[in-house]
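The structure appears right after this line, and notes come after that.
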Amino acid sequence: MSFFSRFLKKNQPQPRPLFYDIVCPYCFSKFAPSDVVFRAAHSRDDDEDYALGEDDVLNKYRERFGLDSVDDLEAIIPPSDIPEEHHHYTDHVLTGLTDRYGKLTRRRLCPHCHNELPVTAGKVPSNIISIIGASQVGKSVYMTSLIHTLQHTTAGHFDAACMPLNAEISRKFRSLYEDPLFERGDLLSSTQKEKMQEPFIFQFVFKNEEKPPLTLVFFDVAGEGMVDQDYLGLHGQHIKNSAGILFMVDPLQIRSIREKIHINIGDRPGEWVSQYDEPRDVVLTMFGDFIAYQEKSRTDIPTAVVLTKSDMLHSLKDEDGDYIKANSNVFNNYVHRGTLNMDEVGNIDGEISYFIGKVDRPFKDTMDVYFSNTAYFAVSALGSNPVDQKIEGVVSPIRVDEPFLWLLHKLKFIEGSD
């Protein structure tokens with residue numbers, strides 16, 4: 001350090017705002033903390049404003065996901081109906097109301113869908129991680145493998161815990177996703193376009209109280225929807241309000257290497273092409289939906305481009321590295337502990353970026369034009385290629401948490417190291 005550099009003004013950290021805008025983890029609407037509504041903590045038969053009844057807003061949301069309607073719920077209380085002296089604040093965020101009967105409620109709801117908000121909403125940034133990609137790229141399998149890995153290993157390595165937001169999400173994730181894959185070795189069925197998936201919401205909570213928790217929202221949009229402008233327009237709001245994106249790409253989507261990977265997915269080779277949407281089609285649909293309206297028609301949302309089913313790439317490896325090097329780290333799992341190993345990430349990013357550019361230049365160029373903050377990864381959610389929809393042996397994920405950890409680093413939750 002030079003003598004004069006000692007007197008240079010150091011960069012000061014940005015002051016923490018008094019509160020943060022909330023992004024609802026259920027419907028992905030964005031609003032100020034003062035816009036929330038509350039559900040009453042009690043009901044009364046002698047006051048129609050506090051009588052049990054249907055919540056049309058909540059039931060409309062539930063109908064979208066094929067969920068049963070809920071009857072006889074407590075009343076909705078807008079803060080504007082309660083005098084300011086009966087508003088309760090925590091860290092400058094409205095978190096409770098005392099109603100006209102002296103009953104306190106802290107059940108904050110999204111004003112747009114009437115689902116209950118996390119207790120941290122408004123106090124910390126709302127960070128949504130979206131998993132996107134065309135059909136059959138394995139988004140559901142990757143989501144399951146990632147959350148399982150975060151809960152059982154990764155969280156412990158970063159002095160944190162990964163937990164579902166509530167018991168209902170815990171039961172649904174375990175029965176529909178985790179147990180079939182990790183206990184029975186069954187592949188998950190593809191998400192159908194007409195069957196919207198309710199978000200799976202988890203929190204990555206650090207044991208260091210000075211670090212805010214991170215809310216993880218995995219909204220598994222059906223793959224066909226990602227190339228349908230109307231579908232994306234209706235259900236793509238979660239993408240543009242995301243803090244980070246996991247963009248899944250299947251090697252079999254890439255026309256130039258599909259036949260080189262000797263895996264027959266149809267009765268005749270001529271059928272192979274029709275079963276996959278091109279990765280670039282997903283990007284172009286996203287561009288028309290929201291990227292075109294960003295400054296300079298680019299998005300700076302950190303985006304991890306994740307090449308799935310990396311175990312399939314064994315058939316492409318060679319000594320010259322024209323596609324994948326025979327000794328590539330892609331095939332070896334790596335465990336990041338406490339920090340993100342930037343050398344390891346850089347090596348994978350360089351190799352997969354080169355690979356994508358070689359086998360699908362139009363997709364790589366499109367990503368470079370529309371996304372200003374990307375890194376490339378390769379993962380195997382299972383560790384091996386399934387046979388007849390069954391997984392042989394133990395599920396052994398390879399590098400599934402690495403793209404997620406890169407997003408954590410980009411969002412300044414964890415540090416990087418050499």
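The chains in the structure tokens are called A, B, ... from first to last as shown; in each chain the residues are counted from 1, and the ligands are counted from 1 in the order shown.
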
> If you run DSSP on the backbone, which residues of region 301-364 of chain A are helix (DSSP H, G or I), as an NGL selection string?
Replying inline: :A and (310-316 or 329-331 or 342-359 or 361-364)

Set the distance at 12 Å and use only C-alpha atoms: which residues neighbour Tyr89 (chain A) once local chain neighbours fewer than 6 positions away are removed? I'd like the list as a PDB file with C-alpha atoms, in the first residue's frame.
```
ATOM      1  CA  LEU A  18     -35.716   1.478   6.881  1.00  0.00           C
ATOM      2  CA  PHE A  19     -37.728  -1.190   5.058  1.00  0.00           C
ATOM      3  CA  PRO A  33     -45.022  -2.970   3.455  1.00  0.00           C
ATOM      4  CA  SER A  34     -47.712  -0.370   4.165  1.00  0.00           C
ATOM      5  CA  THR A  95     -46.503  -5.904  11.466  1.00  0.00           C
ATOM      6  CA  GLY A  96     -49.707  -5.763  13.518  1.00  0.00           C
ATOM      7  CA  LEU A  97     -53.052  -4.125  14.190  1.00  0.00           C
ATOM      8  CA  THR A  98     -55.225  -3.866  17.283  1.00  0.00           C
ATOM      9  CA  ARG A 106     -50.084 -10.072  13.298  1.00  0.00           C
ATOM     10  CA  GLY A 122     -40.404  -6.010   4.468  1.00  0.00           C
ATOM     11  CA  LYS A 123     -37.629  -6.290   7.053  1.00  0.00           C
TER      12      LYS A 123
END
```

> Pick from A:Glu351, A:Glu168, A:Asp99, A:Glu178: nearest to Pro83 (chain A), with only C-alpha atoms counted?
Replying inline: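 Closest to Pro83 (chain A) of all the choices is A:Asp99.
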
>> Can you measure CA of Tyr376 (chain A) to CA of Asp349 (chain A) for me? One decimal in Å is fine.
In response: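 So the answer is 4.5 Å.
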
>> Which residue is closest to Ile169 (chain A)? Choose from A:Tyr61, A:Tyr101, A:Tyr26, A:Phe206 and count only C-alpha atoms.
In response: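 Counting only C-alpha atoms, the residue closest to Ile169 (chain A) is A:Tyr26.
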
> Can you tell me, as an NGL selection string, what residues are no more than 10 Å from region 156-164 of chain A when counting only C-alpha atoms, ignoring any on the same chain fewer than 2 positions away?
Replying inline: :A and (147-154 or 166-171 or 173 or 200-208 or 213-217 or 335-340 or 414)

Same residues, C-alpha atoms, saved as an mmCIF file, in the first residue's frame:
```cif
data_model
loop_
_atom_site.group_PDB
_atom_site.id
_atom_site.type_symbol
_atom_site.label_atom_id
_atom_site.label_comp_id
_atom_site.auth_asym_id
_atom_site.auth_seq_id
_atom_site.Cartn_x
_atom_site.Cartn_y
_atom_site.Cartn_z
ATOM 1 C CA ILE A 147 -33.478 -28.718 -1.955
ATOM 2 C CA HIS A 148 -32.557 -32.162 -0.627
ATOM 3 C CA THR A 149 -28.859 -31.276 -0.914
ATOM 4 C CA LEU A 150 -29.334 -27.855 0.681
ATOM 5 C CA GLN A 151 -31.183 -29.346 3.634
ATOM 6 C CA HIS A 152 -28.884 -32.296 4.269
ATOM 7 C CA THR A 153 -25.407 -30.956 3.464
ATOM 8 C CA THR A 154 -24.969 -27.458 2.005
ATOM 9 C CA ASN A 166 -44.727 -24.163 6.638
ATOM 10 C CA ALA A 167 -45.789 -27.722 7.441
ATOM 11 C CA GLU A 168 -48.013 -28.016 4.366
ATOM 12 C CA ILE A 169 -45.137 -27.251 2.002
ATOM 13 C CA SER A 170 -42.956 -29.688 3.935
ATOM 14 C CA ARG A 171 -45.473 -32.529 3.582
ATOM 15 C CA PHE A 173 -42.475 -31.618 -1.035
ATOM 16 C CA PHE A 200 -42.423 -24.293 -3.062
ATOM 17 C CA ILE A 201 -41.151 -21.791 -0.519
ATOM 18 C CA PHE A 202 -38.114 -22.420 1.659
ATOM 19 C CA GLN A 203 -35.973 -20.183 3.810
ATOM 20 C CA PHE A 204 -32.194 -20.324 3.978
ATOM 21 C CA VAL A 205 -31.593 -19.008 7.499
ATOM 22 C CA PHE A 206 -28.094 -18.207 8.720
ATOM 23 C CA LYS A 207 -27.213 -18.850 12.358
ATOM 24 C CA ASN A 208 -25.417 -15.505 12.376
ATOM 25 C CA PRO A 213 -32.585 -14.968 5.972
ATOM 26 C CA LEU A 214 -33.018 -15.673 2.277
ATOM 27 C CA THR A 215 -36.433 -16.737 1.025
ATOM 28 C CA LEU A 216 -36.190 -19.360 -1.694
ATOM 29 C CA VAL A 217 -39.185 -19.593 -3.990
ATOM 30 C CA VAL A 335 -18.152 -29.455 -1.892
ATOM 31 C CA HIS A 336 -17.994 -25.729 -1.151
ATOM 32 C CA ARG A 337 -17.560 -25.020 2.563
ATOM 33 C CA GLY A 338 -18.032 -21.590 4.122
ATOM 34 C CA THR A 339 -17.113 -19.720 0.937
ATOM 35 C CA LEU A 340 -17.573 -20.175 -2.789
ATOM 36 C CA ILE A 414 -21.686 -15.549 1.050
#
```

> How many Å lie between CA of Ile301 (chain A) and CA of Ala243 (chain A), rounded to one decimal?
Replying inline: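 These two atoms are separated by 6.2 Å.
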
> Within 9 Å of Asn385 (chain A), counting only C-alpha atoms, which residues qualify if same-chain residues fewer than 4 places away don't, as a ChimeraX atom specification?
Replying inline: /A:309,311-312,391-392

>> Using DSSP secondary structure from the backbone, list all strand (DSSP E) positions within region 13-192 of chain A, as a PyMOL selection string.
In response: chain A and resi 22-23+30-31+37-39+76-77+87-90+93-98+104-105+108-109+129-132+160-164

Since we have the selection now, will you write its residues out, keeping N, CA, C and O atoms, as a compact mmCIF listing (two decimals), in the first residue's frame?
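Output below, filename result_28.txt:
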```txt
# COMPACT_ATOMS: atom_id res chain seq x y z
N ILE A 22 -41.87 -5.57 -0.67
CA ILE A 22 -42.17 -6.99 -0.51
C ILE A 22 -42.53 -7.58 -1.87
O ILE A 22 -43.30 -6.98 -2.63
N VAL A 23 -41.96 -8.73 -2.19
CA VAL A 23 -42.42 -9.53 -3.32
C VAL A 23 -43.11 -10.75 -2.74
O VAL A 23 -42.49 -11.55 -2.05
N LYS A 30 -45.44 -7.20 -6.35
CA LYS A 30 -44.50 -6.36 -5.60
C LYS A 30 -45.24 -5.17 -5.02
O LYS A 30 -46.01 -4.51 -5.73
N PHE A 31 -45.03 -4.88 -3.73
CA PHE A 31 -45.76 -3.80 -3.07
C PHE A 31 -44.99 -3.33 -1.84
O PHE A 31 -44.06 -4.00 -1.36
N VAL A 37 -52.55 -6.22 4.03
CA VAL A 37 -53.80 -6.29 4.79
C VAL A 37 -53.62 -7.36 5.86
O VAL A 37 -52.65 -8.12 5.84
N PHE A 38 -54.55 -7.43 6.80
CA PHE A 38 -54.44 -8.36 7.91
C PHE A 38 -55.68 -9.24 8.00
O PHE A 38 -56.78 -8.84 7.58
N ARG A 39 -55.47 -10.46 8.53
CA ARG A 39 -56.61 -11.30 8.84
C ARG A 39 -56.89 -11.19 10.34
O ARG A 39 -55.96 -11.28 11.15
N ILE A 76 -61.00 -9.86 6.69
CA ILE A 76 -59.84 -9.08 6.25
C ILE A 76 -59.94 -7.67 6.83
O ILE A 76 -61.00 -7.04 6.76
N ILE A 77 -58.84 -7.18 7.41
CA ILE A 77 -58.81 -5.83 7.99
C ILE A 77 -57.79 -4.98 7.24
O ILE A 77 -56.58 -5.20 7.36
N HIS A 87 -51.72 0.90 15.19
CA HIS A 87 -50.82 0.19 14.27
C HIS A 87 -49.56 -0.20 15.04
O HIS A 87 -49.04 0.59 15.83
N HIS A 88 -49.05 -1.38 14.80
CA HIS A 88 -47.85 -1.85 15.48
C HIS A 88 -46.72 -2.05 14.45
O HIS A 88 -46.95 -2.66 13.40
N TYR A 89 -45.54 -1.53 14.78
CA TYR A 89 -44.40 -1.57 13.87
C TYR A 89 -43.24 -2.34 14.51
O TYR A 89 -43.01 -2.26 15.72
N THR A 90 -42.54 -3.07 13.68
CA THR A 90 -41.31 -3.73 14.08
C THR A 90 -40.24 -3.36 13.07
O THR A 90 -40.41 -3.61 11.86
N VAL A 93 -41.49 -1.48 10.09
CA VAL A 93 -42.39 -2.21 9.20
C VAL A 93 -43.70 -2.48 9.93
O VAL A 93 -43.68 -2.95 11.08
N LEU A 94 -44.82 -2.18 9.29
CA LEU A 94 -46.13 -2.46 9.88
C LEU A 94 -46.31 -3.97 10.00
O LEU A 94 -46.36 -4.68 9.00
N THR A 95 -46.42 -4.46 11.24
CA THR A 95 -46.50 -5.90 11.47
C THR A 95 -47.72 -6.33 12.27
O THR A 95 -47.93 -7.53 12.49
N GLY A 96 -48.55 -5.37 12.73
CA GLY A 96 -49.71 -5.76 13.52
C GLY A 96 -50.73 -4.66 13.63
O GLY A 96 -50.44 -3.47 13.41
N LEU A 97 -51.96 -5.06 13.95
CA LEU A 97 -53.05 -4.12 14.19
C LEU A 97 -53.81 -4.56 15.43
O LEU A 97 -53.98 -5.75 15.68
N THR A 98 -54.28 -3.59 16.21
CA THR A 98 -55.23 -3.87 17.28
C THR A 98 -56.59 -3.40 16.81
O THR A 98 -56.78 -2.21 16.51
N LEU A 104 -55.35 -8.09 19.08
CA LEU A 104 -54.16 -7.89 18.25
C LEU A 104 -54.05 -9.00 17.21
O LEU A 104 -54.19 -10.17 17.53
N THR A 105 -53.79 -8.62 15.97
CA THR A 105 -53.49 -9.60 14.93
C THR A 105 -52.15 -9.24 14.28
O THR A 105 -51.86 -8.07 14.04
N ARG A 108 -50.19 -10.93 8.66
CA ARG A 108 -50.09 -10.05 7.48
C ARG A 108 -50.33 -10.85 6.21
O ARG A 108 -49.78 -11.94 6.02
N LEU A 109 -51.11 -10.27 5.30
CA LEU A 109 -51.46 -10.95 4.06
C LEU A 109 -51.04 -10.11 2.86
O LEU A 109 -51.01 -8.87 2.92
N ILE A 129 -35.72 -16.94 -6.19
CA ILE A 129 -34.90 -17.68 -7.14
C ILE A 129 -35.84 -18.48 -8.04
O ILE A 129 -36.62 -19.30 -7.56
N SER A 130 -35.81 -18.21 -9.35
CA SER A 130 -36.69 -18.89 -10.30
C SER A 130 -35.92 -19.97 -11.05
O SER A 130 -34.77 -19.77 -11.46
N ILE A 131 -36.58 -21.11 -11.24
CA ILE A 131 -36.05 -22.18 -12.09
C ILE A 131 -36.83 -22.16 -13.39
O ILE A 131 -38.05 -22.34 -13.38
N ILE A 132 -36.15 -21.93 -14.50
CA ILE A 132 -36.84 -21.87 -15.78
C ILE A 132 -36.14 -22.77 -16.78
O ILE A 132 -35.00 -23.21 -16.57
N ALA A 160 -25.94 -22.59 8.34
CA ALA A 160 -27.31 -22.16 8.08
C ALA A 160 -28.24 -23.35 8.17
O ALA A 160 -27.81 -24.49 8.42
N ALA A 161 -29.51 -23.10 7.97
CA ALA A 161 -30.51 -24.16 7.89
C ALA A 161 -31.44 -23.84 6.73
O ALA A 161 -31.75 -22.68 6.48
N CYS A 162 -31.86 -24.87 6.00
CA CYS A 162 -32.81 -24.71 4.91
C CYS A 162 -34.11 -25.38 5.33
O CYS A 162 -34.14 -26.59 5.57
N MET A 163 -35.18 -24.57 5.42
CA MET A 163 -36.44 -25.08 5.98
C MET A 163 -37.62 -24.67 5.12
O MET A 163 -37.62 -23.56 4.57
N PRO A 164 -38.61 -25.54 4.98
CA PRO A 164 -39.84 -25.13 4.29
C PRO A 164 -40.55 -24.05 5.08
O PRO A 164 -40.41 -23.98 6.31
```

> Hey, can you check how far CA of Thr303 (chain A) sits from CA of Val119 (chain A)?
Replying inline: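 Here the two named atoms are 27.5 Å from each other.
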
>> Calculated over only C-alpha atoms, which of the candidates A:Met143, A:Ile239, A:Met248, A:Ala304 has the smallest distance to Asn373 (chain A)?
In response: A:Ala304
